[in-house]
Every structure is written in structure tokens, then in C-alpha cells.
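Inspection log for the structure reproduced underneath, given as C-alpha cells.
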Amino acid sequence: MSTNALPASEGFLFFERKQCDLPYYRPAPEGFSQTGWIIVLIAVAVSFVVLGLAQQQFHSGIAGFIPPLLFVLIPLVAVAAAGGTTAPFALFRPVGLREVGLMVLFFILNYIVTIVVGTILVSAFHPASNPAGDMVATASGVDQVLFFFWTAVQLLGEEIFTILIFLGAMAGLTRVMSRNLALCLAALVAAIIFGLVHLPTYQGNLIQAVTLVPIRIVLLIPYIITRNIWTSTGAHVLNDWMTFGMAAFAGMQAG
């Protein structure tokens, strides 16, 4: 998969890394073929369905790792099938101080956006609670600790899910428009789908799912900057762990 510098004729957004391009989205042989993208995107959809079904069966103890691990592995296997055994590694890069700094920066930015959006939502509507917060608040000591590790794996899966949709949309859109416009629209498409797949989480509340769109875009930016899924995953984990930590603390206080 290509990680070469961007061609000068195509340009790039001001905050992107100039040393290498995003993976997979260019036509084969640099990226995936159309058939390859069909395989990958079907696997992405299947992984989400499998996650929901597996969570009904495995939701405590060490078995709680089974659903998120399947969520991570199914699309990565499809990426390997579409692009070769080394293709999944194009998503993962080394983590240095710069990446850690971006994780913290975008965690703070995302948390501010989350608070603003949440405040508007609460003042205008009656939002549904996230059942994950209730789960961690009522879990036993061991399961409460394990919950944070389960969610870290699942959040990596959410990043893989979203980023592959983003890159797949970009692969199609770059055929008919400039790269920069395709990138922006692909980010919006991925964020909208991310919001929609959370409808079951929020009991079908469409407005609440839509409010996830700007939050998801903020979390996607560190990946676009660094080409490193660990950066966006780190920001996502910090954000959700803060929320779950407050729920766990509230549960301890209530107990």
C-alpha cells in the first residue's frame, strides 16, 4: 500500500503530513481494487453486526474481550485479503511524543465539543443515556476494571470501522473530484455513518446520533494529520474513559 509523498499536483490540506499519503484509497496497484474495497466494506459492516450479537453472549469477565476483538480483527483480515498480508500495518505507525501530544490535544478539544453539544442537546431535547455508563456504574470491582480494557479494544475497533469507511468513501470520491474536497466529504460521510450506527445505543434517538457527527470529525482529524490510527484511538479512549470514569465514581458514591 502506498505511503509515498503526495504528488505536488494534487495538493493537500494544510495540516496533513507532507511526507506520506493516506493508505488504500488510490486505485490499484497503489491501493485497493474496486473488488478489494467491496470486500473491506462488507467486512466492516459484518464486524459491526458481529459485535452486537457477540455482546449479547459475552459481557463479563475475560469473555468480555471476545466481541471487541472480533470487531477489530474482522476488518483487518479483510484489509489483508484486499491488499496483502502487510496492508493492515499501513494504519499503524510508531507513537512518539508528537503523537501523544496530539492525543491529549484532541481529547481536550473533543471533550469541549462534547460538553457544548451535550449542553445544547439537554436544553433542547430529552437525550437517552448511554447504557455503557450504567454498566460501568453498576459493575463489580473486577468487571469494572475489565470494562475499561474491553472498551479500549472496542474503541480501536471503532477507529478501524470509521477510518476504513472514510478511506473507502475517499477512494470513490477522488474519481470525480479533487482530493481535498473528496477528503472533506469522505470525513463527513464516515462521521454520519458513525452517528447512525449509534442509534441502537441511544434507543433510536436520531437527533442524539446526529450530534455525534461533529464529535467524530474532531476525532478523525488526528488520524488525518499523522496517518496513525493510534493517535485517534488514544484521543477516543481518553474521551470515553473520562466519561466512564465519572460514571464509575458516581456509582461508587451512590453505593
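FYI, nothing fancy with the C-alpha cells labels: chains A, B, ... in order, residues from 1 per chain, ligands from 1 as they appear.
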Excluding stretch 22-39 of chain A and its own-chain neighbours fewer than 6 positions away, which residues fall within 8 Å of it when counting only C-alpha atoms? Please give them as a list in words. Met1, Ser2, Thr3, Ala78, Val79, Ala81, Ala82, Gly83, Ala90, Leu91, Leu167, Gly168, Met170, Ala171, Ile224 and Arg227 of chain A
If you keep all heavy atoms, can you produce a file of those selected residues as a compact mmCIF listing (two decimals), in the first residue's frame?
# COMPACT_ATOMS: atom_id res chain seq x y z
N MET A 1 0.83 -1.19 0.00
CA MET A 1 0.00 0.00 0.00
C MET A 1 0.87 1.25 0.00
O MET A 1 1.88 1.30 0.71
CB MET A 1 -0.90 0.01 1.23
CG MET A 1 -1.93 -1.13 1.23
SD MET A 1 -3.06 -1.13 -0.18
CE MET A 1 -2.31 -2.39 -1.22
N SER A 2 0.46 2.22 -0.76
CA SER A 2 1.30 3.40 -0.91
C SER A 2 1.30 4.27 0.34
O SER A 2 0.26 4.57 0.89
CB SER A 2 0.78 4.25 -2.09
OG SER A 2 1.47 5.47 -2.16
N THR A 3 2.49 4.66 0.75
CA THR A 3 2.64 5.68 1.80
C THR A 3 3.61 6.76 1.32
O THR A 3 4.28 7.40 2.11
CB THR A 3 3.16 5.04 3.10
OG1 THR A 3 4.38 4.36 2.82
CG2 THR A 3 2.16 4.07 3.67
N ALA A 78 -9.89 -8.57 6.35
CA ALA A 78 -10.37 -8.18 5.02
C ALA A 78 -9.37 -7.25 4.33
O ALA A 78 -9.14 -7.35 3.12
CB ALA A 78 -11.73 -7.50 5.13
N VAL A 79 -8.76 -6.34 5.09
CA VAL A 79 -7.74 -5.46 4.53
C VAL A 79 -6.56 -6.29 4.01
O VAL A 79 -6.02 -6.03 2.93
CB VAL A 79 -7.27 -4.44 5.59
CG1 VAL A 79 -5.99 -3.73 5.15
CG2 VAL A 79 -8.37 -3.42 5.86
N ALA A 81 -6.75 -9.36 3.00
CA ALA A 81 -7.21 -10.07 1.81
C ALA A 81 -7.21 -9.16 0.59
O ALA A 81 -6.92 -9.61 -0.53
CB ALA A 81 -8.63 -10.62 2.06
N ALA A 82 -7.52 -7.89 0.80
CA ALA A 82 -7.62 -6.96 -0.33
C ALA A 82 -6.27 -6.43 -0.76
O ALA A 82 -6.06 -6.16 -1.96
CB ALA A 82 -8.53 -5.79 0.05
N GLY A 83 -5.34 -6.27 0.19
CA GLY A 83 -4.09 -5.60 -0.14
C GLY A 83 -2.83 -6.36 0.17
O GLY A 83 -1.73 -5.84 -0.02
N ALA A 90 -0.31 -0.49 7.42
CA ALA A 90 -0.33 0.89 6.94
C ALA A 90 -1.15 1.81 7.83
O ALA A 90 -1.00 3.03 7.80
CB ALA A 90 -0.86 0.95 5.50
N LEU A 91 -2.04 1.22 8.65
CA LEU A 91 -2.85 2.02 9.57
C LEU A 91 -2.09 2.36 10.85
O LEU A 91 -2.45 3.32 11.55
CB LEU A 91 -4.13 1.25 9.95
CG LEU A 91 -5.18 1.05 8.87
CD1 LEU A 91 -6.26 0.09 9.38
CD2 LEU A 91 -5.80 2.38 8.47
N LEU A 167 -11.74 6.09 4.24
CA LEU A 167 -10.84 5.84 3.12
C LEU A 167 -11.58 5.24 1.93
O LEU A 167 -11.26 5.53 0.77
CB LEU A 167 -9.70 4.92 3.56
CG LEU A 167 -8.74 5.52 4.60
CD1 LEU A 167 -7.80 4.44 5.14
CD2 LEU A 167 -7.95 6.67 4.01
N GLY A 168 -12.59 4.40 2.20
CA GLY A 168 -13.40 3.84 1.12
C GLY A 168 -14.19 4.91 0.40
O GLY A 168 -14.27 4.92 -0.84
N MET A 170 -13.39 8.03 0.28
CA MET A 170 -12.39 8.85 -0.41
C MET A 170 -11.96 8.18 -1.72
O MET A 170 -11.75 8.87 -2.73
CB MET A 170 -11.20 9.07 0.51
CG MET A 170 -10.30 10.20 0.07
SD MET A 170 -9.07 10.57 1.34
CE MET A 170 -7.96 11.60 0.36
N ALA A 171 -11.85 6.87 -1.70
CA ALA A 171 -11.47 6.14 -2.91
C ALA A 171 -12.47 6.37 -4.03
O ALA A 171 -12.10 6.54 -5.20
CB ALA A 171 -11.34 4.65 -2.60
N ILE A 224 -5.91 11.89 10.28
CA ILE A 224 -5.58 12.51 9.01
C ILE A 224 -4.24 13.25 9.11
O ILE A 224 -3.44 13.25 8.17
CB ILE A 224 -6.70 13.47 8.57
CG1 ILE A 224 -8.01 12.68 8.33
CG2 ILE A 224 -6.31 14.21 7.30
CD1 ILE A 224 -9.22 13.56 8.07
N ARG A 227 -1.61 10.01 9.99
CA ARG A 227 -1.74 8.71 9.29
C ARG A 227 -1.58 7.56 10.27
O ARG A 227 -1.25 6.44 9.88
CB ARG A 227 -0.72 8.53 8.16
CG ARG A 227 -0.35 9.73 7.34
CD ARG A 227 -1.51 10.40 6.69
NE ARG A 227 -1.07 11.21 5.56
CZ ARG A 227 -1.72 12.28 5.12
NH1 ARG A 227 -2.83 12.66 5.72
NH2 ARG A 227 -1.29 12.96 4.08
Write down as a PyMOL selection string the residues of stretch 36-231 of chain A whose backbone DSSP state falls under helix (DSSP H, G or I).
chain A and resi 36-57+61-83+87-91+97-124+131-138+141-173+179-197+206-210+212-226+229-231
- prompt: Excluding same-chain residues fewer than 4 positions from A:Arg179, what lies within 10 Å of it counting only C-alpha atoms, as a list in words?
  reply: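 Selected residues are Glu10, Gly11, Phe12, Leu13, Met170, Ala171, Leu173, Thr174, Arg175, Leu183, Cys184 and Leu185 of chain A.
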Between A:Val113, A:Leu121, A:Ala190, A:Leu102, which one has atoms that come closest to A:Ile229, using only C-alpha atoms?
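Nearest candidate to A:Ile229 out of A:Val113, A:Leu121, A:Ala190, A:Leu102: A:Leu102.
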* Asked: Nearest to A:Pro94 among A:Ala191, A:Thr114, A:Ile62, A:Trp230, with distances taken over only C-alpha atoms: which residue is it?
  ->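 For A:Pro94, the nearest of the candidates is A:Trp230.
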Point to revise | Shortest interatomic distance to A:Pro68 - which of A:Gln203, A:Thr231, A:Gln55, A:Thr243, counting only C-alpha atoms | key: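 Among the listed residues, A:Gln55 lies closest to A:Pro68.
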